[in-house]
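Step one of this worksheet: look at the structure below.
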Amino acid sequence: MAGLWLSLGSLVAAGQRGQRSPQQLMRSAALWTLKNVSHHSRQHLMVTRSLCSAGYDSNEKTFDKILVANRGEIACRVIKTCKKMGIKTVAIHSDVDTSSVHVKMADEAVCVGPAPTSKSYLNMEAILEAIRKTRAQAVHPGYGFLSENKEFAKCLAAENVVFIGPDTHAIQAMGDKIESKLLAKKAKVNTIPGFDGVVKDADEAVRIAREIGYPVMIKASAGGGGKGMRIAWDDEETRDGFRFSSQEAASSFGDDRLLIEKFIDNPRHIEIQMVLLFQVLGDKHGNALWLNERECSIQRRNQKVVEEAPSIFLDSETRRAMGEQAVALAKAVKYSSAGTVEFLVDSKKNFYFLEMNTRLQVEHPVTECITGLDLVQEMIRVAKGYPLRHKQADIPINGWAVECRVYAEDPYKSFGLPSIGRLSQYQEPIHLPGVRVDSGIQPGSDISIYYDPMISKLITYGSDRTEALKRMEDALDNYVIRGVIHNIALLREVIINSRFIKGDINTKFLSDVYPDGFKGHKLTEGERNQLLAIASSLFVASQLRAQHFQEHENSRVPIVKPQVANWELSVKLNNEVHTVVASNNGKMFSVEVDGSKLNVTSTWNLASPLLSVNVDGTQRTIQCLSREAGGNMSIQFLGTVYKVHILTKLAAELNRFMLEKVAEDTSSTLRSPMPGMVVAVSVKPGDMVSEGQEICVIEAMKMQNSMTAGKTGKVKSVHCKAGDTVGEGDLLVELQ
C-alpha cells in the first residue's frame, strides 16, 4: 500500500456533567421534519435523511435566532439543525440566489449584494448590517467564505454577537498554515519538512524548493478546499505554481501569502474531526475527545471526491496516537468548537500534521453516521457555553459511512472541469435504505460560474464497508440529474474499483488508475449484451407505444399497421454495429444479440426518469436520457452515459447511402473547455507561439486554469480579453 492522507475524526472537550451515551441517541434512519416548508421542497430537497441523529433537550436554552453566513447545502444543513432545536434562522443571499433553497428554508432572508462572492458572501459590512437588521444573536459561518476569518469573528464580538466556532486566537493560530505548523511543532505533533516562513516571490520559491528537494507542495497560508495549492516537480513548475497559487489565494481568501513544504508522494489523507470544549473563562476541567477518523484520499486537484469513516487503513493503535496528537494541538490553542485536524500518512503508518480546519468540514456527515452525534448541534451548544455530554469511552465506531461529492463537472476533462446550466430534472435517491443527501438545490436551480459546482453530498451508511459501498452503488444509479453534466460516472467507477474495494488507495489514485484520463465504464461482453438488449427493448417498446397511440386516434384515413413478430434491428454502440432480433410478449422481451439470447423484463414506463430492468435475473436501474426519431438514444447504464444508434434492418441498409459529416479541424483553434472568466491573455495577433505555451488563463469556480497552444504557429486573431466571461466551447484564439 503506497501511502495515506488521513484525517482523525473529531475531538470533543466535554465537561464532567450531563454525560449521555451516543448509543442512546442513535437512530438507524431518522428523517428530519421541517416545518413551514412547502410540500414540493420538503418532498424533493429540503428534507435530508439523517441516518444517525442525536436527540435534543428542549429544556436547554441556546439562541432565539441564528444568522447563517453561507449558501447552498451547508446553509441548508445548519438550518435543519436549528429547526430541530427550535431556533429561528436568517439566511443571507446574493441577488442571483434569491430563489435558492436555503433562502426558502430560513425564517428570514437578507440580500447582501450581487453575485461575485467579494461583493456578497465575503462582504462583511453587508452581513453585519443584516445581523443588526434581523437582531440575530449568533452567526454560524458553515465552511468556506468567512468561516475561518478572524476579522469577521472580531467584528461579531464587537457587536456582542456570538460566533459559532472557535475564538479569534484559535482561528488566527490554526487558520494560518505557517503559524499552525510552528504551534504543532511546539506541541510535539509530527510535521512535514518544509519552509516555515512566507515565500516572498517566485525566485525565492525556487530557491526554497531546491533546498527542500523536489517534489514540493506550494499552498496558500490562509487556504483550504484545494484552492491555492500546486505540486511542483521542477523550477518551471515552481514559478508557475507560485503565480497561480498566489492569485487563487487572493481571489478565494483575500490573502496571497504562500508556504512551501515537501510533497509526500503517494500519501493517504486522513482527518480527525474535533469538537473540543474549553469553557470561555479558560476552565481546564474539560475532557478532550476525538470522534474517530475520516479517510479522504480520493482527490482531484487537491480536492476530495470520496470520503469514508472509519478508514480501512488505520489500526486502533495508530488511531489512538493520531487522536492524542490532535487533542494536544487543540489544547495548545484552547480550541472550543468543531474543527478538523488533517494528517498525511505514509505506507508505514507514519503520520504528519497537515493542517487544522477551524470550522465544520464538508465531509462531516460520515462522522455523524458512525458516532450518532449532530456536530452542528454540538457547535451551537458549545458556543452557548454548555459542556458536552460525552466522554471518550462513549464515542463508538458504529458501522461504516461513505460520502461522494456530486459535482456539476465533466469527469472526462481532467477528472472534472466545471459545468454550468439549469437543473431541468432533479430527483434524489432518498427512497433507498441507508441513504442521506445533503443538498441545497431543487428542480430549476442554476449552477453558475460564481460558486462551487457541488450539487450535493451523497452519503450511504451500512453495518460494514461492503454494505455501505453497495448502497452507494445503488444510490448513484438512482440519482436523477438533468440539465448539467455531472460526475456520477466517475464516482461509481471509483467505488467499484478493485483497488478501492481492497483499500489500496492514496491521493494519486485517480491518476494511477486512469493515467490517460477517465474514459467511463469499460463494458464486459456480458454487460455490453445487457445494454444492447435493454436499448433494443426500449426502442421496440417506444415503437409499440406509438402504434398504440395511433390505434386510439380518430383518423380520417385508415392506417394499415404491420404485424411484426420479430424486430430485426441494427444497433451501433462505440462504433461497432450489432445485429439484434427482439420479440415482445407483454412486459418481457426476448432479445438475441449477436447470437446470445437474453430475456428483458420491466414495466416499460417510458415517462419515468428511472427504469428498473431485469435481464436474465440481474436487476439493473437505467436512465433513458433521450430518444430521437432518427434512432439515437442516450442511456445511463452502470453510471456511464452511452450513445446508442438503433435502426430497423431496412433503415440501416438505406442509411449506408447517407453522406457523413466531415469532422472540423480544431488544431488551429483554442476553445474554452469550461465556462468561466478570462483572467489574463498572454498573446496578441502576429505573435509566434510554441506547442504547450500558455495562451490565456481562465478562472472557473475560483480555480485558475492555464490554456495552452496545441501546436506551434502564428497567432491569427484573439477573441477574448481579461475580464471577459466565456462559455464552454467559446473561441479564444485562432492560429494561422
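Letters A, B, ... mark the chains of the C-alpha cells in the order given; residue numbers begin at 1 per chain; ligand numbers begin at 1, in order shown.
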Go through range 421-645 of chain A and collect every residue that DSSP, computed from the backbone, puts in helix (DSSP H, G or I); the answer should be as a compact mmCIF listing (two decimals) with N, CA, C and O atoms, in the first residue's frame.
```
# COMPACT_ATOMS: atom_id res chain seq x y z
N ARG A 465 -18.38 -1.91 5.64
CA ARG A 465 -17.97 -1.19 4.43
C ARG A 465 -18.62 -1.77 3.18
O ARG A 465 -19.03 -1.03 2.28
N THR A 466 -18.73 -3.08 3.11
CA THR A 466 -19.33 -3.73 1.95
C THR A 466 -20.76 -3.26 1.73
O THR A 466 -21.16 -2.93 0.61
N GLU A 467 -21.53 -3.21 2.81
CA GLU A 467 -22.92 -2.78 2.69
C GLU A 467 -23.01 -1.31 2.33
O GLU A 467 -23.84 -0.91 1.50
N ALA A 468 -22.16 -0.48 2.92
CA ALA A 468 -22.18 0.95 2.63
C ALA A 468 -21.84 1.22 1.16
O ALA A 468 -22.46 2.07 0.51
N LEU A 469 -20.86 0.49 0.62
CA LEU A 469 -20.48 0.68 -0.78
C LEU A 469 -21.56 0.18 -1.73
O LEU A 469 -21.81 0.80 -2.77
N LYS A 470 -22.20 -0.94 -1.39
CA LYS A 470 -23.29 -1.44 -2.24
C LYS A 470 -24.46 -0.45 -2.27
O LYS A 470 -25.07 -0.21 -3.32
N ARG A 471 -24.75 0.13 -1.13
CA ARG A 471 -25.82 1.12 -1.08
C ARG A 471 -25.44 2.38 -1.87
O ARG A 471 -26.30 3.02 -2.48
N MET A 472 -24.16 2.73 -1.86
CA MET A 472 -23.71 3.87 -2.65
C MET A 472 -23.87 3.59 -4.13
O MET A 472 -24.30 4.45 -4.91
N GLU A 473 -23.52 2.37 -4.54
CA GLU A 473 -23.67 1.98 -5.95
C GLU A 473 -25.12 2.12 -6.40
O GLU A 473 -25.41 2.69 -7.46
N ASP A 474 -26.05 1.63 -5.56
CA ASP A 474 -27.47 1.73 -5.89
C ASP A 474 -27.94 3.18 -5.89
O ASP A 474 -28.75 3.58 -6.74
N ALA A 475 -27.45 3.95 -4.93
CA ALA A 475 -27.87 5.36 -4.84
C ALA A 475 -27.42 6.15 -6.05
O ALA A 475 -28.18 6.97 -6.59
N LEU A 476 -26.20 5.91 -6.52
CA LEU A 476 -25.72 6.61 -7.71
C LEU A 476 -26.54 6.24 -8.94
O LEU A 476 -26.83 7.09 -9.79
N ASP A 477 -26.93 4.97 -9.04
CA ASP A 477 -27.75 4.54 -10.18
C ASP A 477 -29.14 5.18 -10.15
O ASP A 477 -29.76 5.38 -11.20
N ILE A 488 -21.22 11.60 -11.76
CA ILE A 488 -21.68 10.32 -11.20
C ILE A 488 -20.95 9.14 -11.83
O ILE A 488 -20.64 8.15 -11.15
N ALA A 489 -20.64 9.22 -13.11
CA ALA A 489 -19.92 8.11 -13.76
C ALA A 489 -18.58 7.86 -13.09
O ALA A 489 -18.21 6.71 -12.82
N LEU A 490 -17.84 8.91 -12.79
CA LEU A 490 -16.55 8.77 -12.12
C LEU A 490 -16.71 8.23 -10.71
O LEU A 490 -15.97 7.32 -10.29
N LEU A 491 -17.66 8.76 -9.96
CA LEU A 491 -17.88 8.32 -8.59
C LEU A 491 -18.19 6.82 -8.54
O LEU A 491 -17.66 6.08 -7.70
N ARG A 492 -19.04 6.37 -9.45
CA ARG A 492 -19.43 4.96 -9.45
C ARG A 492 -18.26 4.06 -9.80
O ARG A 492 -18.08 2.99 -9.22
N GLU A 493 -17.43 4.50 -10.75
CA GLU A 493 -16.27 3.70 -11.12
C GLU A 493 -15.28 3.59 -9.97
O GLU A 493 -14.64 2.56 -9.78
N VAL A 494 -15.13 4.66 -9.21
CA VAL A 494 -14.20 4.64 -8.07
C VAL A 494 -14.64 3.61 -7.04
O VAL A 494 -13.84 2.78 -6.58
N ILE A 495 -15.92 3.62 -6.67
CA ILE A 495 -16.35 2.77 -5.56
C ILE A 495 -16.44 1.29 -5.94
O ILE A 495 -16.48 0.43 -5.04
N ILE A 496 -16.46 0.97 -7.24
CA ILE A 496 -16.47 -0.45 -7.62
C ILE A 496 -15.09 -0.92 -8.07
O ILE A 496 -14.91 -2.10 -8.39
N SER A 498 -11.48 -2.38 -7.99
CA SER A 498 -10.93 -3.44 -7.13
C SER A 498 -9.91 -2.87 -6.14
O SER A 498 -9.84 -3.32 -4.99
N ARG A 499 -9.11 -1.91 -6.58
CA ARG A 499 -8.13 -1.30 -5.67
C ARG A 499 -8.83 -0.56 -4.53
O ARG A 499 -8.42 -0.65 -3.37
N PHE A 500 -9.87 0.17 -4.87
CA PHE A 500 -10.60 0.90 -3.84
C PHE A 500 -11.26 -0.06 -2.86
O PHE A 500 -11.23 0.16 -1.64
N ILE A 501 -11.86 -1.11 -3.38
CA ILE A 501 -12.54 -2.07 -2.51
C ILE A 501 -11.55 -2.72 -1.54
O ILE A 501 -11.85 -2.96 -0.37
N LYS A 502 -10.31 -2.98 -2.01
CA LYS A 502 -9.29 -3.58 -1.14
C LYS A 502 -8.69 -2.56 -0.18
O LYS A 502 -8.01 -2.93 0.76
N PHE A 509 -4.67 8.21 -6.55
CA PHE A 509 -5.49 7.10 -7.02
C PHE A 509 -6.03 7.35 -8.43
O PHE A 509 -5.91 6.50 -9.31
N LEU A 510 -6.64 8.51 -8.66
CA LEU A 510 -7.26 8.76 -9.96
C LEU A 510 -6.25 8.76 -11.09
O LEU A 510 -6.48 8.15 -12.14
N SER A 511 -5.11 9.42 -10.90
CA SER A 511 -4.10 9.46 -11.96
C SER A 511 -3.44 8.11 -12.15
O SER A 511 -3.01 7.76 -13.26
N ASP A 512 -3.35 7.31 -11.10
CA ASP A 512 -2.76 5.96 -11.22
C ASP A 512 -3.70 5.01 -11.96
O ASP A 512 -3.28 4.24 -12.82
N VAL A 513 -4.97 5.04 -11.60
CA VAL A 513 -5.95 4.13 -12.19
C VAL A 513 -6.33 4.56 -13.60
O VAL A 513 -6.57 3.72 -14.47
N GLU A 525 -18.17 -8.13 -21.99
CA GLU A 525 -19.03 -8.64 -23.06
C GLU A 525 -20.45 -8.86 -22.57
O GLU A 525 -21.42 -8.54 -23.26
N GLY A 526 -20.56 -9.39 -21.34
CA GLY A 526 -21.89 -9.63 -20.79
C GLY A 526 -22.64 -8.33 -20.55
O GLY A 526 -23.85 -8.22 -20.83
N GLU A 527 -21.94 -7.31 -20.01
CA GLU A 527 -22.59 -6.01 -19.78
C GLU A 527 -22.96 -5.34 -21.09
O GLU A 527 -24.02 -4.72 -21.19
N ARG A 528 -22.10 -5.49 -22.10
CA ARG A 528 -22.42 -4.92 -23.42
C ARG A 528 -23.69 -5.53 -23.98
O ARG A 528 -24.57 -4.82 -24.49
N ASN A 529 -23.82 -6.85 -23.88
CA ASN A 529 -25.01 -7.52 -24.38
C ASN A 529 -26.25 -7.10 -23.60
O ASN A 529 -27.34 -6.96 -24.17
N GLN A 530 -26.09 -6.90 -22.28
CA GLN A 530 -27.22 -6.43 -21.49
C GLN A 530 -27.68 -5.05 -21.96
O GLN A 530 -28.88 -4.80 -22.12
N LEU A 531 -26.71 -4.15 -22.18
CA LEU A 531 -27.04 -2.80 -22.63
C LEU A 531 -27.73 -2.83 -24.00
O LEU A 531 -28.74 -2.15 -24.22
N LEU A 532 -27.20 -3.63 -24.92
CA LEU A 532 -27.80 -3.73 -26.25
C LEU A 532 -29.21 -4.30 -26.17
O LEU A 532 -30.12 -3.84 -26.89
N ALA A 533 -29.41 -5.28 -25.29
CA ALA A 533 -30.74 -5.87 -25.14
C ALA A 533 -31.72 -4.87 -24.53
O ALA A 533 -32.87 -4.77 -24.97
N ILE A 534 -31.26 -4.11 -23.54
CA ILE A 534 -32.13 -3.10 -22.91
C ILE A 534 -32.48 -2.00 -23.90
O ILE A 534 -33.64 -1.59 -24.02
N ALA A 535 -31.47 -1.51 -24.63
CA ALA A 535 -31.71 -0.44 -25.61
C ALA A 535 -32.67 -0.90 -26.70
O ALA A 535 -33.58 -0.16 -27.10
N SER A 536 -32.50 -2.12 -27.17
CA SER A 536 -33.38 -2.65 -28.22
C SER A 536 -34.80 -2.79 -27.70
O SER A 536 -35.77 -2.49 -28.41
N SER A 537 -34.93 -3.24 -26.46
CA SER A 537 -36.26 -3.38 -25.86
C SER A 537 -36.94 -2.02 -25.71
O SER A 537 -38.14 -1.87 -25.96
N LEU A 538 -36.15 -1.01 -25.32
CA LEU A 538 -36.69 0.34 -25.21
C LEU A 538 -37.16 0.85 -26.56
O LEU A 538 -38.22 1.48 -26.68
N PHE A 539 -36.36 0.59 -27.58
CA PHE A 539 -36.71 1.02 -28.93
C PHE A 539 -38.03 0.39 -29.38
O PHE A 539 -38.93 1.08 -29.86
N VAL A 540 -38.15 -0.92 -29.21
CA VAL A 540 -39.37 -1.61 -29.63
C VAL A 540 -40.56 -1.16 -28.79
O VAL A 540 -41.66 -0.95 -29.31
N ALA A 541 -40.34 -0.98 -27.48
CA ALA A 541 -41.42 -0.53 -26.59
C ALA A 541 -41.94 0.84 -27.03
O ALA A 541 -43.16 1.08 -27.02
N SER A 542 -41.03 1.73 -27.43
CA SER A 542 -41.47 3.06 -27.89
C SER A 542 -42.21 2.96 -29.21
O SER A 542 -43.19 3.70 -29.44
N GLN A 543 -41.78 2.06 -30.09
CA GLN A 543 -42.48 1.87 -31.36
C GLN A 543 -43.89 1.31 -31.13
O GLN A 543 -44.86 1.74 -31.76
N LEU A 544 -44.00 0.35 -30.22
CA LEU A 544 -45.30 -0.24 -29.92
C LEU A 544 -46.22 0.79 -29.27
O LEU A 544 -47.43 0.80 -29.53
N ARG A 545 -45.64 1.65 -28.42
CA ARG A 545 -46.47 2.68 -27.80
C ARG A 545 -46.98 3.66 -28.85
O ARG A 545 -48.14 4.10 -28.80
N ALA A 546 -46.13 4.00 -29.83
CA ALA A 546 -46.55 4.91 -30.90
C ALA A 546 -47.68 4.28 -31.72
O ALA A 546 -48.66 4.96 -32.08
N GLN A 547 -47.57 2.98 -31.98
CA GLN A 547 -48.63 2.29 -32.73
C GLN A 547 -49.93 2.28 -31.92
O GLN A 547 -51.02 2.49 -32.45
N HIS A 548 -49.79 2.04 -30.62
CA HIS A 548 -50.97 2.01 -29.75
C HIS A 548 -51.66 3.36 -29.74
O HIS A 548 -52.89 3.45 -29.75
N PHE A 549 -50.85 4.42 -29.73
CA PHE A 549 -51.40 5.77 -29.74
C PHE A 549 -52.18 6.02 -31.04
O PHE A 549 -53.27 6.57 -31.03
N GLN A 550 -51.61 5.57 -32.16
CA GLN A 550 -52.27 5.76 -33.44
C GLN A 550 -53.59 4.99 -33.51
O GLN A 550 -54.57 5.46 -34.06
N GLU A 551 -53.61 3.81 -32.93
CA GLU A 551 -54.82 2.98 -32.96
C GLU A 551 -55.99 3.64 -32.24
O GLU A 551 -57.15 3.41 -32.56
```
Neighbouring residues of Ser463 in chain A were defined as those with any atom within 12 Å, considering only C-alpha atoms; residues of the same chain fewer than 4 positions away were excluded. Please report them as an mmCIF file with N, CA, C and O atoms, in the first residue's frame.
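out26.cif, freshly written:
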```
data_model
loop_
_atom_site.group_PDB
_atom_site.id
_atom_site.type_symbol
_atom_site.label_atom_id
_atom_site.label_comp_id
_atom_site.auth_asym_id
_atom_site.auth_seq_id
_atom_site.Cartn_x
_atom_site.Cartn_y
_atom_site.Cartn_z
ATOM 1 N N SER A 28 -31.112 4.485 13.329
ATOM 2 C CA SER A 28 -30.558 3.966 12.084
ATOM 3 C C SER A 28 -31.044 4.754 10.880
ATOM 4 O O SER A 28 -30.365 4.854 9.879
ATOM 5 N N LEU A 51 -29.026 9.667 9.040
ATOM 6 C CA LEU A 51 -29.004 8.271 9.440
ATOM 7 C C LEU A 51 -28.729 8.112 10.924
ATOM 8 O O LEU A 51 -29.131 7.152 11.544
ATOM 9 N N ALA A 309 -15.757 6.871 6.599
ATOM 10 C CA ALA A 309 -15.406 6.741 8.009
ATOM 11 C C ALA A 309 -15.942 5.398 8.497
ATOM 12 O O ALA A 309 -17.083 5.049 8.218
ATOM 13 N N PRO A 310 -15.080 4.644 9.209
ATOM 14 C CA PRO A 310 -13.674 4.941 9.510
ATOM 15 C C PRO A 310 -12.783 4.652 8.302
ATOM 16 O O PRO A 310 -13.276 4.395 7.213
ATOM 17 N N CYS A 369 -22.612 9.812 11.057
ATOM 18 C CA CYS A 369 -23.228 8.496 10.865
ATOM 19 C C CYS A 369 -22.643 7.431 11.777
ATOM 20 O O CYS A 369 -23.375 6.595 12.308
ATOM 21 N N ILE A 370 -21.322 7.432 11.961
ATOM 22 C CA ILE A 370 -20.710 6.353 12.744
ATOM 23 C C ILE A 370 -20.649 6.656 14.231
ATOM 24 O O ILE A 370 -20.338 5.767 15.028
ATOM 25 N N ILE A 397 -17.458 3.484 17.093
ATOM 26 C CA ILE A 397 -17.412 3.369 15.638
ATOM 27 C C ILE A 397 -18.515 2.376 15.301
ATOM 28 O O ILE A 397 -18.342 1.175 15.411
ATOM 29 N N ASN A 398 -19.656 2.911 14.948
ATOM 30 C CA ASN A 398 -20.830 2.083 14.719
ATOM 31 C C ASN A 398 -21.123 2.031 13.224
ATOM 32 O O ASN A 398 -21.658 2.963 12.645
ATOM 33 N N GLY A 399 -20.738 0.939 12.582
ATOM 34 C CA GLY A 399 -20.995 0.781 11.159
ATOM 35 C C GLY A 399 -19.970 1.494 10.301
ATOM 36 O O GLY A 399 -18.853 1.801 10.734
ATOM 37 N N TRP A 400 -20.367 1.787 9.050
ATOM 38 C CA TRP A 400 -19.453 2.394 8.078
ATOM 39 C C TRP A 400 -20.252 3.383 7.232
ATOM 40 O O TRP A 400 -21.403 3.137 6.879
ATOM 41 N N ALA A 401 -19.634 4.512 6.909
ATOM 42 C CA ALA A 401 -20.297 5.528 6.099
ATOM 43 C C ALA A 401 -19.383 5.973 4.964
ATOM 44 O O ALA A 401 -18.165 6.093 5.152
ATOM 45 N N VAL A 402 -19.973 6.206 3.808
ATOM 46 C CA VAL A 402 -19.238 6.658 2.616
ATOM 47 C C VAL A 402 -19.933 7.894 2.075
ATOM 48 O O VAL A 402 -21.164 7.961 2.054
ATOM 49 N N GLY A 434 -30.674 3.495 4.038
ATOM 50 C CA GLY A 434 -29.298 3.854 4.363
ATOM 51 C C GLY A 434 -28.728 4.966 3.520
ATOM 52 O O GLY A 434 -27.509 5.039 3.340
ATOM 53 N N GLU A 467 -21.528 -3.214 2.807
ATOM 54 C CA GLU A 467 -22.923 -2.783 2.693
ATOM 55 C C GLU A 467 -23.011 -1.306 2.329
ATOM 56 O O GLU A 467 -23.837 -0.905 1.500
ATOM 57 N N ALA A 468 -22.160 -0.481 2.925
ATOM 58 C CA ALA A 468 -22.180 0.950 2.629
ATOM 59 C C ALA A 468 -21.844 1.216 1.161
ATOM 60 O O ALA A 468 -22.463 2.071 0.513
ATOM 61 N N LEU A 469 -20.861 0.491 0.624
ATOM 62 C CA LEU A 469 -20.475 0.676 -0.778
ATOM 63 C C LEU A 469 -21.563 0.183 -1.728
ATOM 64 O O LEU A 469 -21.813 0.802 -2.770
ATOM 65 N N LYS A 470 -22.204 -0.940 -1.391
ATOM 66 C CA LYS A 470 -23.291 -1.444 -2.244
ATOM 67 C C LYS A 470 -24.456 -0.448 -2.266
ATOM 68 O O LYS A 470 -25.065 -0.205 -3.323
ATOM 69 N N ARG A 471 -24.746 0.132 -1.129
ATOM 70 C CA ARG A 471 -25.815 1.121 -1.079
ATOM 71 C C ARG A 471 -25.442 2.377 -1.867
ATOM 72 O O ARG A 471 -26.304 3.018 -2.478
#
```
Sorted per-residue table, range 610-679 of chain A near range 713-729 of chain A, closest atoms and distance, 6 Å, only C-alpha atoms, as a tab-separated table:
```
residue	atom	partner	partner_atom	distance
A:Arg671	CA	A:Gly729	CA	5.2
A:Ser672	CA	A:Gly729	CA	5.1
A:Pro673	CA	A:Glu728	CA	5.3
A:Met674	CA	A:Glu728	CA	4.3
A:Pro675	CA	A:Gly727	CA	4.0
A:Gly676	CA	A:Val726	CA	5.5
A:Met677	CA	A:Thr725	CA	4.4
A:Val678	CA	A:Ala722	CA	5.0
A:Val679	CA	A:Ala722	CA	5.0
```
Exercise for review: May I ask which of the residues A:Leu654, A:Cys404, A:Val615, A:Ile131 is the closest one to Ser456 in chain A, counting only C-alpha atoms?
Suggested key: A:Cys404
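Look at range 580-586 of chain A: the protein and nucleic acid residues within 7 Å of it, using only C-alpha atoms and passing over chain neighbours fewer than 6 places away, are Ala565, Asn566, Trp567, Glu568, Leu569, Ser570, Val571, Glu592, Val593 and Asp594 of chain A.
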Would you save the residues from that selection as a JSON list (two decimals), in the first residue's frame, using N, CA, C and O atoms?
```
[["chain", "number", "residue", "atom", "x", "y", "z"],
["A", 565, "ALA", "N", -43.73, -9.76, -35.71],
["A", 565, "ALA", "CA", -43.45, -10.76, -34.68],
["A", 565, "ALA", "C", -42.03, -10.60, -34.16],
["A", 565, "ALA", "O", -41.78, -10.67, -32.95],
["A", 566, "ASN", "N", -41.10, -10.39, -35.05],
["A", 566, "ASN", "CA", -39.69, -10.21, -34.68],
["A", 566, "ASN", "C", -39.17, -8.91, -35.28],
["A", 566, "ASN", "O", -39.35, -8.65, -36.48],
["A", 567, "TRP", "N", -38.55, -8.12, -34.43],
["A", 567, "TRP", "CA", -37.97, -6.85, -34.87],
["A", 567, "TRP", "C", -36.49, -7.09, -35.17],
["A", 567, "TRP", "O", -35.71, -7.37, -34.25],
["A", 568, "GLU", "N", -36.13, -6.97, -36.44],
["A", 568, "GLU", "CA", -34.74, -7.10, -36.83],
["A", 568, "GLU", "C", -34.09, -5.71, -36.81],
["A", 568, "GLU", "O", -34.51, -4.82, -37.55],
["A", 569, "LEU", "N", -33.10, -5.58, -35.96],
["A", 569, "LEU", "CA", -32.51, -4.26, -35.71],
["A", 569, "LEU", "C", -31.01, -4.25, -35.96],
["A", 569, "LEU", "O", -30.33, -5.27, -35.85],
["A", 570, "SER", "N", -30.52, -3.07, -36.27],
["A", 570, "SER", "CA", -29.08, -2.81, -36.38],
["A", 570, "SER", "C", -28.74, -1.80, -35.30],
["A", 570, "SER", "O", -29.25, -0.67, -35.32],
["A", 571, "VAL", "N", -27.90, -2.19, -34.34],
["A", 571, "VAL", "CA", -27.60, -1.33, -33.18],
["A", 571, "VAL", "C", -26.12, -0.97, -33.18],
["A", 571, "VAL", "O", -25.26, -1.86, -33.16],
["A", 592, "GLU", "N", -32.15, -11.40, -29.00],
["A", 592, "GLU", "CA", -30.96, -12.13, -29.43],
["A", 592, "GLU", "C", -29.92, -11.11, -29.91],
["A", 592, "GLU", "O", -30.15, -10.36, -30.85],
["A", 593, "VAL", "N", -28.79, -11.08, -29.22],
["A", 593, "VAL", "CA", -27.71, -10.12, -29.52],
["A", 593, "VAL", "C", -26.51, -10.89, -30.03],
["A", 593, "VAL", "O", -25.87, -11.63, -29.27],
["A", 594, "ASP", "N", -26.20, -10.73, -31.29],
["A", 594, "ASP", "CA", -25.04, -11.41, -31.89],
["A", 594, "ASP", "C", -25.02, -12.90, -31.55],
["A", 594, "ASP", "O", -23.98, -13.48, -31.23]]
```
Study note, to complete from the structure: Of A:Lys177, A:Arg230, A:His169, A:Arg77, the one nearest to Asn705 in chain A when counting only C-alpha atoms is A:Arg230
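For the choices A:Asp255, A:Ile695, A:Asp438, A:Thr640, the atom-to-atom distance to Leu523 in chain A is smallest for A:Thr640 when using only C-alpha atoms.
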Check your understanding: Can you list, as a PyMOL selection string, every protein, DNA or RNA residue that comes within 12 Å of Gly416 in chain A when you count only C-alpha atoms, leaving out same-chain residues fewer than 3 positions away?
Key -> chain A and resi 299-301+303-305+405-413+419+453-454+485-491+510+517-519+673-674+700-701+703
